[in-house]
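Working notes for the structure below.
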Protein chains: 2
Amino acid sequence: MTQADLSALLDREQANTELFELLRIPSVSADPARKGDMTRAAEWLRSKLESLGFTARVDATPGHPLVYAERLHAPGKPTVLIYGHYDVQPEAPLEEWHTPPFEPTVRDGRIYARGSTDDKGQAFAHLKGVELLLSQGELPVNVKFLLEGEEEIGSASIGDYLTAHKDELKADVILISDGSRFAPDVPTITYGVRGLSYVEIHVQGANRDLHSGSYGGAAPNPINALCEIIAGLKDDQGRVTIPGFYDGIEPLTDEERQMWAALPHSDEEFAASIGVPELPGEEGYTTLERLWGRPTLDVNGIWGGYQGEGSKTVIAAKAGAKVSMRLVPGQDPERITRLIQEYVPTIAPKGVKAEVLSHHGGQPVKFDTGSVWVQGANRALKRVYGRDAAFARTGGSIPIVADFDRILQTPVLFVDFGLNEDAPHSPNESFAVADYHNGILTSAYLLQELGAAGTGAEG
Amino acid sequence: MTQADLSALLDREQANTELFELLRIPSVSADPARKGDMTRAAEWLRSKLESLGFTARVDATPGHPLVYAERLHAPGKPTVLIYGHYDVQPEAPLEEWHTPPFEPTVRDGRIYARGSTDDKGQAFAHLKGVELLLSQGELPVNVKFLLEGEEEIGSASIGDYLTAHKDELKADVILISDGSRFAPDVPTITYGVRGLSYVEIHVQGANRDLHSGSYGGAAPNPINALCEIIAGLKDDQGRVTIPGFYDGIEPLTDEERQMWAALPHSDEEFAASIGVPELPGEEGYTTLERLWGRPTLDVNGIWGGYQGEGSKTVIAAKAGAKVSMRLVPGQDPERITRLIQEYVPTIAPKGVKAEVLSHHGGQPVKFDTGSVWVQGANRALKRVYGRDAAFARTGGSIPIVADFDRILQTPVLFVDFGLNEDAPHSPNESFAVADYHNGILTSAYLLQELGAAGTGAEG
């Protein structure tokens, strides 16, 4: 198989133009008003894949549609299933964007747009990588694409889809680029993701809003109560106080702790990069250990009472908060959700009613770093970046990964092209143009390496 | 002076029709978009007062205008200054109103509309009381009206106004109806109001919203931090923990505690009336003592992060809350505001910046229950309700009262017509039609009694 330098063959202008078209579609899966845009994005990807000679289709689900495509012209060779998602986070708060979230703009070598890095940019790099290889001949492996539209809202439909299409989706390895490299100069292979339990706490006080003068001192205040409840979910060492929360967690191995400690990381620079004086968190663990190997509890949103201009002397009838817990191997999302649902009512102050509603969850996962797939990926990355990859975990959660593990029993290979500084989920999300182009090259070299790595299960 | 039964002479239909006109004007002082409606309401009152033969005018202020009117045709008789406010609370949350807040609707003997009881209905009752007396001849006292438009946002302008118009506003007693009677069958004279310190807490975390997966465990979370701060402002006995908060408070007298203990009150009924299982609050005090004689700290509003539909895995950059503290004699609003401004940063969790902004305040006040004015008011109330008045304090705050005390050095007489169940500041605020009409009669009899009560300072 040719190992020609593909870099010279990549039409970077054209690659940008095509990605921008995709980024202009506001495919916000959490927003019911964007349902039509979701379908538009899915159809756009299907037709692009067909233009690459793939058999492609858009499959409906109870939620947003999935795009499936395959090109199986490498008999005896491995089959690679490339997963990505075309849905994006809500753009709110819109006023904080310097340029419109759905009008991609290049500034200082970065593409600014919602979804630029998470995950349209990274997923589309694989389509362009495939296209680059096809310009040189047939693909060295069999390739399948599965692009979903519900990743940002919990991937509710894909589990059933995987079960229903188990045989069609059969593959030797699943390739995912939906996260961040460790550092700008550091190619990264990610071998673990945290799980997630996302819930909503509702606190009810009186049967109506009350005058804080006429009732203050006697009426329960659901906002004060909600704050007490949330404050009560952590102790002063930053540990979660929910009984049983830490039960069964696989301790970090010395090998991992040493490997992570050896990575180029500075707490000072990390703190400076987000503009904070220090990095709070669970005591007894380094920052990387807290980010990759330890669970968290973060409030993602809170509301109650009067939020308008000026002042309103009211005791609200109710208050609420969205709370997410990142989980690590050994923790089960459903169990953790049950634990917080049982615990919150027991710490609710008198006079109010508190309940916890479950939004969604995702299993934590870890993979073997010694596989032929990981080694092949490392060689491909070395060709693009000129150095060995760092082996990291990510603090993020990709619920789908647990489903791949459980339903398809297929190993997952995480090769990320983005960076944390891309600010996914934040206003002014961006993706470095160079990272996008390196992603395309990495994808192409990686498929070559995987083709050389072994005989396929379908061979 | 005639002591004719004025009840038979009151045109109740007409009284309702006129009040409804005033209630239809959405004079929300906190909403900059309603500035025009504020002026409309003020002009409406001016022209009504002129129709009663008053010299009336609308005076501009840096904020919303004040309506001043006088009719001084009782030489040698006392001068009564009647204070009220024509501004109302914001109508939010609008969706909880059963009928439009600015379209007065009578159901089950109640007038439903924002401002119906607080304070348009109660203030307007005095205009109608005056009109009723005038239908019988000249007024038995000299009457001045001062109707402001900033009561619901802290009465920022009236202090300077009182100073500038000190002589013009000279009076023997100031009459205010802007609160609630103790119970439906209990006429009430209120001799004390709580003060107020209203602040806003702002917590800043990172310089942008962050992905809760990529940063959770290391980045400070301003919402969790805000909850810790708010929870830290009270101990488990319901006492405020701000150092110095309780310093200088005048203890409740045994006489007061006995007087209040003798009033018809049931914690069970009070709790049931607002739909809560129990009444939390500062330990060691009865409910009435906590409502009238003890300070509070209530969060009136809180916000931060994602409040929309579905889930967003974000760590917000900032969060905030509106907090009001009701104060009692011995506490100074400016000092209390300074204390919380100093204290909050000291209890902010590491990694975040917390600051407290001051909205407005009001002095707590208490008046002598033995004055000729109080006794005259009691006689007037007895004529309408057939029983002696209860002597109560109110948990609410009327900042203006402190200004009357300090600038005009004139005693204030609180004779309220409303009830707590009117739900001022809440959706579906209402005012019982009978209470409105009794207010008109009480006002008329009261002016007669005050005329008989003494020779005026201007006599």
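Just remember, in the structure tokens the first chain shown is A, the second B, etc., residues are 1-based per chain, and ligands are 1-based in the order shown.
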Contacts of Ala432 of chain A at 12 Å or less, counting only C-alpha atoms, minus same-chain residues fewer than 6 places along, as a PDB file with all heavy atoms, in the first residue's frame?
```pdb
ATOM      1  N   ASN A  16     -12.370  23.377   3.781  1.00  0.00           N
ATOM      2  CA  ASN A  16     -13.009  24.393   4.630  1.00  0.00           C
ATOM      3  C   ASN A  16     -14.399  24.747   4.113  1.00  0.00           C
ATOM      4  O   ASN A  16     -15.378  24.777   4.862  1.00  0.00           O
ATOM      5  CB  ASN A  16     -12.151  25.665   4.665  1.00  0.00           C
ATOM      6  CG  ASN A  16     -10.819  25.431   5.382  1.00  0.00           C
ATOM      7  OD1 ASN A  16     -10.559  24.335   5.866  1.00  0.00           O
ATOM      8  ND2 ASN A  16      -9.988  26.458   5.417  1.00  0.00           N
ATOM      9  N   THR A 105     -16.719  31.659  10.975  1.00  0.00           N
ATOM     10  CA  THR A 105     -15.833  32.781  10.706  1.00  0.00           C
ATOM     11  C   THR A 105     -14.416  32.380  11.105  1.00  0.00           C
ATOM     12  O   THR A 105     -14.217  31.831  12.181  1.00  0.00           O
ATOM     13  CB  THR A 105     -16.249  34.002  11.554  1.00  0.00           C
ATOM     14  OG1 THR A 105     -17.663  34.195  11.434  1.00  0.00           O
ATOM     15  CG2 THR A 105     -15.521  35.252  11.117  1.00  0.00           C
ATOM     16  N   VAL A 106     -13.450  32.639  10.219  1.00  0.00           N
ATOM     17  CA  VAL A 106     -12.061  32.315  10.552  1.00  0.00           C
ATOM     18  C   VAL A 106     -11.359  33.557  11.090  1.00  0.00           C
ATOM     19  O   VAL A 106     -11.364  34.610  10.464  1.00  0.00           O
ATOM     20  CB  VAL A 106     -11.300  31.788   9.312  1.00  0.00           C
ATOM     21  CG1 VAL A 106      -9.820  31.575   9.652  1.00  0.00           C
ATOM     22  CG2 VAL A 106     -11.913  30.470   8.826  1.00  0.00           C
ATOM     23  N   ARG A 107     -10.846  33.427  12.318  1.00  0.00           N
ATOM     24  CA  ARG A 107     -10.041  34.499  12.935  1.00  0.00           C
ATOM     25  C   ARG A 107      -8.815  33.860  13.558  1.00  0.00           C
ATOM     26  O   ARG A 107      -8.929  32.833  14.232  1.00  0.00           O
ATOM     27  CB  ARG A 107     -10.830  35.228  14.047  1.00  0.00           C
ATOM     28  CG  ARG A 107     -11.954  36.102  13.592  1.00  0.00           C
ATOM     29  CD  ARG A 107     -12.425  37.056  14.715  1.00  0.00           C
ATOM     30  NE  ARG A 107     -12.795  36.358  15.952  1.00  0.00           N
ATOM     31  CZ  ARG A 107     -14.005  35.807  16.156  1.00  0.00           C
ATOM     32  NH1 ARG A 107     -14.915  35.856  15.191  1.00  0.00           N
ATOM     33  NH2 ARG A 107     -14.272  35.194  17.302  1.00  0.00           N
ATOM     34  N   ASP A 108      -7.645  34.468  13.336  1.00  0.00           N
ATOM     35  CA  ASP A 108      -6.410  33.969  13.951  1.00  0.00           C
ATOM     36  C   ASP A 108      -6.258  32.452  13.791  1.00  0.00           C
ATOM     37  O   ASP A 108      -5.908  31.746  14.745  1.00  0.00           O
ATOM     38  CB  ASP A 108      -6.391  34.317  15.443  1.00  0.00           C
ATOM     39  CG  ASP A 108      -6.772  35.780  15.676  1.00  0.00           C
ATOM     40  OD1 ASP A 108      -6.403  36.612  14.824  1.00  0.00           O
ATOM     41  OD2 ASP A 108      -7.455  36.058  16.684  1.00  0.00           O
ATOM     42  N   GLY A 109      -6.560  31.975  12.583  1.00  0.00           N
ATOM     43  CA  GLY A 109      -6.343  30.554  12.320  1.00  0.00           C
ATOM     44  C   GLY A 109      -7.336  29.616  12.966  1.00  0.00           C
ATOM     45  O   GLY A 109      -7.097  28.410  13.043  1.00  0.00           O
ATOM     46  N   ARG A 110      -8.465  30.194  13.453  1.00  0.00           N
ATOM     47  CA  ARG A 110      -9.473  29.322  14.076  1.00  0.00           C
ATOM     48  C   ARG A 110     -10.830  29.495  13.387  1.00  0.00           C
ATOM     49  O   ARG A 110     -11.188  30.603  12.985  1.00  0.00           O
ATOM     50  CB  ARG A 110      -9.648  29.650  15.563  1.00  0.00           C
ATOM     51  CG  ARG A 110      -8.408  29.403  16.400  1.00  0.00           C
ATOM     52  CD  ARG A 110      -8.736  29.461  17.903  1.00  0.00           C
ATOM     53  NE  ARG A 110      -7.924  28.491  18.611  1.00  0.00           N
ATOM     54  CZ  ARG A 110      -8.285  27.231  18.830  1.00  0.00           C
ATOM     55  NH1 ARG A 110      -9.482  26.810  18.445  1.00  0.00           N
ATOM     56  NH2 ARG A 110      -7.475  26.400  19.431  1.00  0.00           N
ATOM     57  N   ILE A 111     -11.553  28.394  13.292  1.00  0.00           N
ATOM     58  CA  ILE A 111     -12.908  28.435  12.734  1.00  0.00           C
ATOM     59  C   ILE A 111     -13.876  28.586  13.914  1.00  0.00           C
ATOM     60  O   ILE A 111     -13.983  27.698  14.752  1.00  0.00           O
ATOM     61  CB  ILE A 111     -13.237  27.117  11.995  1.00  0.00           C
ATOM     62  CG1 ILE A 111     -12.242  26.880  10.846  1.00  0.00           C
ATOM     63  CG2 ILE A 111     -14.679  27.132  11.489  1.00  0.00           C
ATOM     64  CD1 ILE A 111     -12.198  25.438  10.373  1.00  0.00           C
ATOM     65  N   TYR A 112     -14.538  29.765  13.996  1.00  0.00           N
ATOM     66  CA  TYR A 112     -15.488  30.003  15.078  1.00  0.00           C
ATOM     67  C   TYR A 112     -16.900  29.657  14.625  1.00  0.00           C
ATOM     68  O   TYR A 112     -17.404  30.238  13.663  1.00  0.00           O
ATOM     69  CB  TYR A 112     -15.431  31.466  15.545  1.00  0.00           C
ATOM     70  CG  TYR A 112     -14.187  31.771  16.344  1.00  0.00           C
ATOM     71  CD1 TYR A 112     -13.008  32.153  15.711  1.00  0.00           C
ATOM     72  CD2 TYR A 112     -14.184  31.632  17.733  1.00  0.00           C
ATOM     73  CE1 TYR A 112     -11.848  32.405  16.439  1.00  0.00           C
ATOM     74  CE2 TYR A 112     -13.041  31.885  18.478  1.00  0.00           C
ATOM     75  CZ  TYR A 112     -11.880  32.272  17.820  1.00  0.00           C
ATOM     76  OH  TYR A 112     -10.738  32.515  18.546  1.00  0.00           O
ATOM     77  N   ALA A 113     -17.518  28.683  15.293  1.00  0.00           N
ATOM     78  CA  ALA A 113     -18.903  28.296  15.011  1.00  0.00           C
ATOM     79  C   ALA A 113     -19.315  27.223  16.007  1.00  0.00           C
ATOM     80  O   ALA A 113     -18.474  26.426  16.450  1.00  0.00           O
ATOM     81  CB  ALA A 113     -19.035  27.764  13.592  1.00  0.00           C
ATOM     82  N   SER A 116     -18.093  23.515  15.561  1.00  0.00           N
ATOM     83  CA  SER A 116     -16.848  23.480  14.767  1.00  0.00           C
ATOM     84  C   SER A 116     -15.931  22.357  15.245  1.00  0.00           C
ATOM     85  O   SER A 116     -15.351  21.634  14.435  1.00  0.00           O
ATOM     86  CB  SER A 116     -16.130  24.830  14.858  1.00  0.00           C
ATOM     87  OG  SER A 116     -15.918  25.185  16.210  1.00  0.00           O
ATOM     88  N   THR A 117     -15.825  22.192  16.569  1.00  0.00           N
ATOM     89  CA  THR A 117     -14.978  21.104  17.077  1.00  0.00           C
ATOM     90  C   THR A 117     -15.804  19.955  17.642  1.00  0.00           C
ATOM     91  O   THR A 117     -15.376  18.801  17.608  1.00  0.00           O
ATOM     92  CB  THR A 117     -13.993  21.649  18.155  1.00  0.00           C
ATOM     93  OG1 THR A 117     -13.063  20.619  18.505  1.00  0.00           O
ATOM     94  CG2 THR A 117     -14.757  22.082  19.423  1.00  0.00           C
ATOM     95  N   GLY A 121     -16.807  19.313  13.031  1.00  0.00           N
ATOM     96  CA  GLY A 121     -15.482  19.462  12.440  1.00  0.00           C
ATOM     97  C   GLY A 121     -14.666  18.188  12.522  1.00  0.00           C
ATOM     98  O   GLY A 121     -14.037  17.759  11.535  1.00  0.00           O
ATOM     99  N   GLN A 122     -14.687  17.563  13.691  1.00  0.00           N
ATOM    100  CA  GLN A 122     -13.885  16.349  13.875  1.00  0.00           C
ATOM    101  C   GLN A 122     -14.464  15.168  13.104  1.00  0.00           C
ATOM    102  O   GLN A 122     -13.728  14.363  12.520  1.00  0.00           O
ATOM    103  CB  GLN A 122     -13.778  16.014  15.367  1.00  0.00           C
ATOM    104  CG  GLN A 122     -13.040  17.085  16.161  1.00  0.00           C
ATOM    105  CD  GLN A 122     -12.587  16.555  17.513  1.00  0.00           C
ATOM    106  OE1 GLN A 122     -11.826  15.586  17.586  1.00  0.00           O
ATOM    107  NE2 GLN A 122     -13.041  17.197  18.588  1.00  0.00           N
ATOM    108  N   SER A 180     -10.776  16.085  22.907  1.00  0.00           N
ATOM    109  CA  SER A 180      -9.651  17.011  22.814  1.00  0.00           C
ATOM    110  C   SER A 180      -8.322  16.286  22.977  1.00  0.00           C
ATOM    111  O   SER A 180      -8.212  15.369  23.785  1.00  0.00           O
ATOM    112  CB  SER A 180      -9.752  18.076  23.912  1.00  0.00           C
ATOM    113  OG  SER A 180     -10.964  18.769  23.789  1.00  0.00           O
ATOM    114  N   PRO A 184      -1.595  21.313  22.492  1.00  0.00           N
ATOM    115  CA  PRO A 184      -1.433  21.653  21.067  1.00  0.00           C
ATOM    116  C   PRO A 184      -0.427  20.784  20.322  1.00  0.00           C
ATOM    117  O   PRO A 184      -0.688  20.318  19.216  1.00  0.00           O
ATOM    118  CB  PRO A 184      -0.997  23.123  21.124  1.00  0.00           C
ATOM    119  CG  PRO A 184      -1.633  23.646  22.364  1.00  0.00           C
ATOM    120  CD  PRO A 184      -1.601  22.507  23.347  1.00  0.00           C
ATOM    121  N   PHE A 417      -8.967  15.269  17.572  1.00  0.00           N
ATOM    122  CA  PHE A 417      -8.273  16.327  16.819  1.00  0.00           C
ATOM    123  C   PHE A 417      -8.404  17.687  17.497  1.00  0.00           C
ATOM    124  O   PHE A 417      -7.644  18.606  17.227  1.00  0.00           O
ATOM    125  CB  PHE A 417      -8.845  16.410  15.400  1.00  0.00           C
ATOM    126  CG  PHE A 417      -8.890  15.090  14.684  1.00  0.00           C
ATOM    127  CD1 PHE A 417     -10.015  14.704  13.960  1.00  0.00           C
ATOM    128  CD2 PHE A 417      -7.808  14.197  14.761  1.00  0.00           C
ATOM    129  CE1 PHE A 417     -10.057  13.479  13.289  1.00  0.00           C
ATOM    130  CE2 PHE A 417      -7.848  12.970  14.095  1.00  0.00           C
ATOM    131  CZ  PHE A 417      -8.978  12.613  13.365  1.00  0.00           C
ATOM    132  N   GLY A 418      -9.371  17.833  18.387  1.00  0.00           N
ATOM    133  CA  GLY A 418      -9.644  19.135  18.999  1.00  0.00           C
ATOM    134  C   GLY A 418      -8.759  19.436  20.194  1.00  0.00           C
ATOM    135  O   GLY A 418      -7.843  18.697  20.533  1.00  0.00           O
ATOM    136  N   LEU A 419      -9.059  20.582  20.838  1.00  0.00           N
ATOM    137  CA  LEU A 419      -8.352  21.009  22.046  1.00  0.00           C
ATOM    138  C   LEU A 419      -9.366  21.589  23.023  1.00  0.00           C
ATOM    139  O   LEU A 419     -10.400  22.115  22.601  1.00  0.00           O
ATOM    140  CB  LEU A 419      -7.308  22.081  21.716  1.00  0.00           C
ATOM    141  CG  LEU A 419      -6.044  21.627  20.981  1.00  0.00           C
ATOM    142  CD1 LEU A 419      -5.234  22.846  20.541  1.00  0.00           C
ATOM    143  CD2 LEU A 419      -5.190  20.726  21.865  1.00  0.00           C
ATOM    144  N   ASN A 420      -9.058  21.521  24.319  1.00  0.00           N
ATOM    145  CA  ASN A 420      -9.972  22.137  25.291  1.00  0.00           C
ATOM    146  C   ASN A 420     -10.183  23.609  24.990  1.00  0.00           C
ATOM    147  O   ASN A 420     -11.263  24.155  25.185  1.00  0.00           O
ATOM    148  CB  ASN A 420      -9.420  21.984  26.712  1.00  0.00           C
ATOM    149  CG  ASN A 420      -9.804  20.625  27.300  1.00  0.00           C
ATOM    150  OD1 ASN A 420     -10.721  19.965  26.796  1.00  0.00           O
ATOM    151  ND2 ASN A 420      -9.088  20.215  28.320  1.00  0.00           N
ATOM    152  N   GLU A 421      -9.120  24.261  24.527  1.00  0.00           N
ATOM    153  CA  GLU A 421      -9.239  25.703  24.257  1.00  0.00           C
ATOM    154  C   GLU A 421     -10.212  25.991  23.112  1.00  0.00           C
ATOM    155  O   GLU A 421     -10.567  27.144  22.875  1.00  0.00           O
ATOM    156  CB  GLU A 421      -7.860  26.302  23.966  1.00  0.00           C
ATOM    157  CG  GLU A 421      -7.258  25.835  22.650  1.00  0.00           C
ATOM    158  CD  GLU A 421      -5.751  26.092  22.557  1.00  0.00           C
ATOM    159  OE1 GLU A 421      -5.026  25.695  23.485  1.00  0.00           O
ATOM    160  OE2 GLU A 421      -5.323  26.698  21.561  1.00  0.00           O
ATOM    161  N   ASP A 422     -10.661  24.940  22.423  1.00  0.00           N
ATOM    162  CA  ASP A 422     -11.699  25.138  21.410  1.00  0.00           C
ATOM    163  C   ASP A 422     -12.998  25.598  22.054  1.00  0.00           C
ATOM    164  O   ASP A 422     -13.905  26.090  21.372  1.00  0.00           O
ATOM    165  CB  ASP A 422     -11.964  23.834  20.637  1.00  0.00           C
ATOM    166  CG  ASP A 422     -10.731  23.352  19.865  1.00  0.00           C
ATOM    167  OD1 ASP A 422      -9.782  24.145  19.712  1.00  0.00           O
ATOM    168  OD2 ASP A 422     -10.724  22.174  19.445  1.00  0.00           O
ATOM    169  N   ALA A 423     -13.104  25.402  23.389  1.00  0.00           N
ATOM    170  CA  ALA A 423     -14.294  25.841  24.143  1.00  0.00           C
ATOM    171  C   ALA A 423     -15.589  25.213  23.624  1.00  0.00           C
ATOM    172  O   ALA A 423     -16.570  25.911  23.360  1.00  0.00           O
ATOM    173  CB  ALA A 423     -14.396  27.366  24.151  1.00  0.00           C
ATOM    174  N   ASN A 438      -5.017  18.581  10.004  1.00  0.00           N
ATOM    175  CA  ASN A 438      -4.253  17.444  10.546  1.00  0.00           C
ATOM    176  C   ASN A 438      -5.181  16.269  10.835  1.00  0.00           C
ATOM    177  O   ASN A 438      -4.787  15.102  10.701  1.00  0.00           O
ATOM    178  CB  ASN A 438      -3.528  17.851  11.841  1.00  0.00           C
ATOM    179  CG  ASN A 438      -2.281  18.672  11.549  1.00  0.00           C
ATOM    180  OD1 ASN A 438      -1.715  18.568  10.457  1.00  0.00           O
ATOM    181  ND2 ASN A 438      -1.883  19.498  12.507  1.00  0.00           N
ATOM    182  N   GLY A 439      -6.422  16.593  11.200  1.00  0.00           N
ATOM    183  CA  GLY A 439      -7.399  15.528  11.433  1.00  0.00           C
ATOM    184  C   GLY A 439      -7.670  14.740  10.167  1.00  0.00           C
ATOM    185  O   GLY A 439      -7.745  13.509  10.178  1.00  0.00           O
TER     186      GLY A 439
END
```
Interface rows for chain B against chain A: nearest pair, Å to one decimal, 6 Å, only C-alpha atoms, as CSV:
```
residue,atom,partner,partner_atom,distance
B:Ala30,CA,A:Gly310,CA,5.8
B:Ala206,CA,A:Ile274,CA,5.1
B:Asn207,CA,A:Gly275,CA,5.2
B:Asp209,CA,A:Ser426,CA,5.1
B:Leu210,CA,A:Ser426,CA,5.9
B:His211,CA,A:His425,CA,5.6
B:Gly213,CA,A:Gly396,CA,3.7
B:Ser214,CA,A:Gly395,CA,4.9
B:Gly217,CA,A:Arg290,CA,5.2
B:Ala218,CA,A:Leu279,CA,5.3
B:Ala219,CA,A:Leu279,CA,5.7
B:Pro220,CA,A:Pro280,CA,5.9
B:Cys227,CA,A:Cys227,CA,4.3
B:Glu228,CA,A:Ala231,CA,4.8
B:Ala231,CA,A:Glu228,CA,4.8
B:Ile274,CA,A:Ala206,CA,5.2
B:Gly275,CA,A:Asn207,CA,5.2
B:Val276,CA,A:Ala206,CA,5.6
B:Pro277,CA,A:Gly351,CA,5.7
B:Glu278,CA,A:Gly351,CA,5.0
B:Leu279,CA,A:Ala218,CA,5.3
B:Pro280,CA,A:Ala218,CA,5.7
B:Gly281,CA,A:Gly217,CA,5.4
B:Thr287,CA,A:Ala218,CA,6.0
B:Arg290,CA,A:Gly217,CA,5.2
B:Leu291,CA,A:Gly217,CA,5.3
B:Thr296,CA,A:Gly217,CA,5.5
B:Asn300,CA,A:Val314,CA,5.3
B:Gly301,CA,A:Gly305,CA,4.1
B:Ile302,CA,A:Gly304,CA,5.4
B:Trp303,CA,A:Trp303,CA,4.7
B:Gly304,CA,A:Ile302,CA,5.4
B:Gly305,CA,A:Gly301,CA,4.1
B:Tyr306,CA,A:Gly301,CA,4.4
B:Gln307,CA,A:Gly301,CA,5.6
B:Gly310,CA,A:Ala30,CA,5.8
B:Val314,CA,A:Asn300,CA,5.3
B:Ile315,CA,A:Asn300,CA,5.6
B:Gly351,CA,A:Glu278,CA,5.0
B:Gly395,CA,A:Gly213,CA,4.7
B:Gly396,CA,A:Gly213,CA,3.7
B:His425,CA,A:His211,CA,5.6
B:Ser426,CA,A:Asp209,CA,5.1
```
Go ahead and dump the residues you just picked, C-alpha atoms, as a PDB file, in the first residue's frame.
```pdb
ATOM      1  CA  ALA B  30     -39.448  48.329  38.134  1.00  0.00           C
ATOM      2  CA  ALA B 206     -14.012  31.002  34.972  1.00  0.00           C
ATOM      3  CA  ASN B 207     -13.755  33.631  32.237  1.00  0.00           C
ATOM      4  CA  ASP B 209     -18.769  28.864  30.293  1.00  0.00           C
ATOM      5  CA  LEU B 210     -16.934  25.535  30.377  1.00  0.00           C
ATOM      6  CA  HIS B 211     -17.710  21.949  29.317  1.00  0.00           C
ATOM      7  CA  GLY B 213     -16.870  16.995  31.267  1.00  0.00           C
ATOM      8  CA  SER B 214     -13.584  18.534  30.178  1.00  0.00           C
ATOM      9  CA  GLY B 217     -13.437  18.313  38.962  1.00  0.00           C
ATOM     10  CA  ALA B 218     -10.909  21.123  38.522  1.00  0.00           C
ATOM     11  CA  ALA B 219     -12.762  24.282  37.466  1.00  0.00           C
ATOM     12  CA  PRO B 220     -14.624  26.301  40.108  1.00  0.00           C
ATOM     13  CA  CYS B 227     -25.333  27.833  46.956  1.00  0.00           C
ATOM     14  CA  GLU B 228     -22.585  27.285  49.549  1.00  0.00           C
ATOM     15  CA  ALA B 231     -26.458  28.145  52.780  1.00  0.00           C
ATOM     16  CA  ILE B 274     -49.979  28.767  52.030  1.00  0.00           C
ATOM     17  CA  GLY B 275     -50.013  25.018  51.485  1.00  0.00           C
ATOM     18  CA  VAL B 276     -46.977  23.974  53.498  1.00  0.00           C
ATOM     19  CA  PRO B 277     -46.661  21.182  56.095  1.00  0.00           C
ATOM     20  CA  GLU B 278     -44.826  23.301  58.674  1.00  0.00           C
ATOM     21  CA  LEU B 279     -43.431  26.777  59.302  1.00  0.00           C
ATOM     22  CA  PRO B 280     -39.629  26.912  59.480  1.00  0.00           C
ATOM     23  CA  GLY B 281     -37.817  29.872  60.990  1.00  0.00           C
ATOM     24  CA  THR B 287     -44.610  32.680  64.286  1.00  0.00           C
ATOM     25  CA  ARG B 290     -40.724  35.886  63.732  1.00  0.00           C
ATOM     26  CA  LEU B 291     -42.965  37.782  61.299  1.00  0.00           C
ATOM     27  CA  THR B 296     -34.984  37.592  58.205  1.00  0.00           C
ATOM     28  CA  ASN B 300     -35.877  36.492  46.325  1.00  0.00           C
ATOM     29  CA  GLY B 301     -34.363  35.265  43.088  1.00  0.00           C
ATOM     30  CA  ILE B 302     -31.474  33.128  41.818  1.00  0.00           C
ATOM     31  CA  TRP B 303     -30.015  32.410  38.383  1.00  0.00           C
ATOM     32  CA  GLY B 304     -27.044  30.823  36.644  1.00  0.00           C
ATOM     33  CA  GLY B 305     -26.127  28.427  33.835  1.00  0.00           C
ATOM     34  CA  TYR B 306     -28.611  26.664  31.591  1.00  0.00           C
ATOM     35  CA  GLN B 307     -32.302  27.103  32.441  1.00  0.00           C
ATOM     36  CA  GLY B 310     -33.407  19.526  28.176  1.00  0.00           C
ATOM     37  CA  VAL B 314     -21.936  23.314  31.188  1.00  0.00           C
ATOM     38  CA  ILE B 315     -20.106  24.914  34.083  1.00  0.00           C
ATOM     39  CA  GLY B 351     -11.534  29.645  42.953  1.00  0.00           C
ATOM     40  CA  GLY B 395     -43.395  42.155  58.609  1.00  0.00           C
ATOM     41  CA  GLY B 396     -43.348  44.344  55.535  1.00  0.00           C
ATOM     42  CA  HIS B 425     -46.663  40.756  45.102  1.00  0.00           C
ATOM     43  CA  SER B 426     -48.017  37.383  43.920  1.00  0.00           C
TER      44      SER B 426
END
```
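Interatomic distance, atom CA of Tyr385 of chain B against atom CA of Leu450 of chain B: 17.9 Å.
For the pair atom CA of Ala69 of chain B and atom CA of Phe145 of chain B, the separation is 5.1 Å.
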Mind checking DSSP for segment 95-303 of chain B and telling me the alpha helix (DSSP H) residues as JSON, numbers by chain? {"B": [120, 121, 122, 123, 124, 125, 126, 127, 128, 129, 130, 131, 132, 133, 134, 158, 159, 160, 161, 162, 163, 164, 212, 213, 214, 215, 222, 223, 224, 225, 226, 227, 228, 229, 230, 231, 254, 255, 256, 257, 258, 259, 260, 261, 267, 268, 269, 270, 271, 272, 273, 287, 288, 289, 290, 291, 292]}
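Within segment 233-319 of chain A, the backbone-based DSSP assignment of strand (DSSP E) covers Asp298, Val299, Asn300, Gly301, Ile302, Trp303, Gly304, Gly305, Val314, Ile315, Lys318 and Ala319 of chain A.
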Spatial neighbours of segment 19-27 of chain B, 10 Å, only C-alpha atoms, chain gap at least 3 places, as a ChimeraX atom specification: /B:14-16,30-31,33-42,44-45,86-91,100-105,111-116,120-122,124-125,128,149,436
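In this structure, atom CA of Tyr68 of chain B sits 12.7 Å away from atom CA of Lys170 of chain B.
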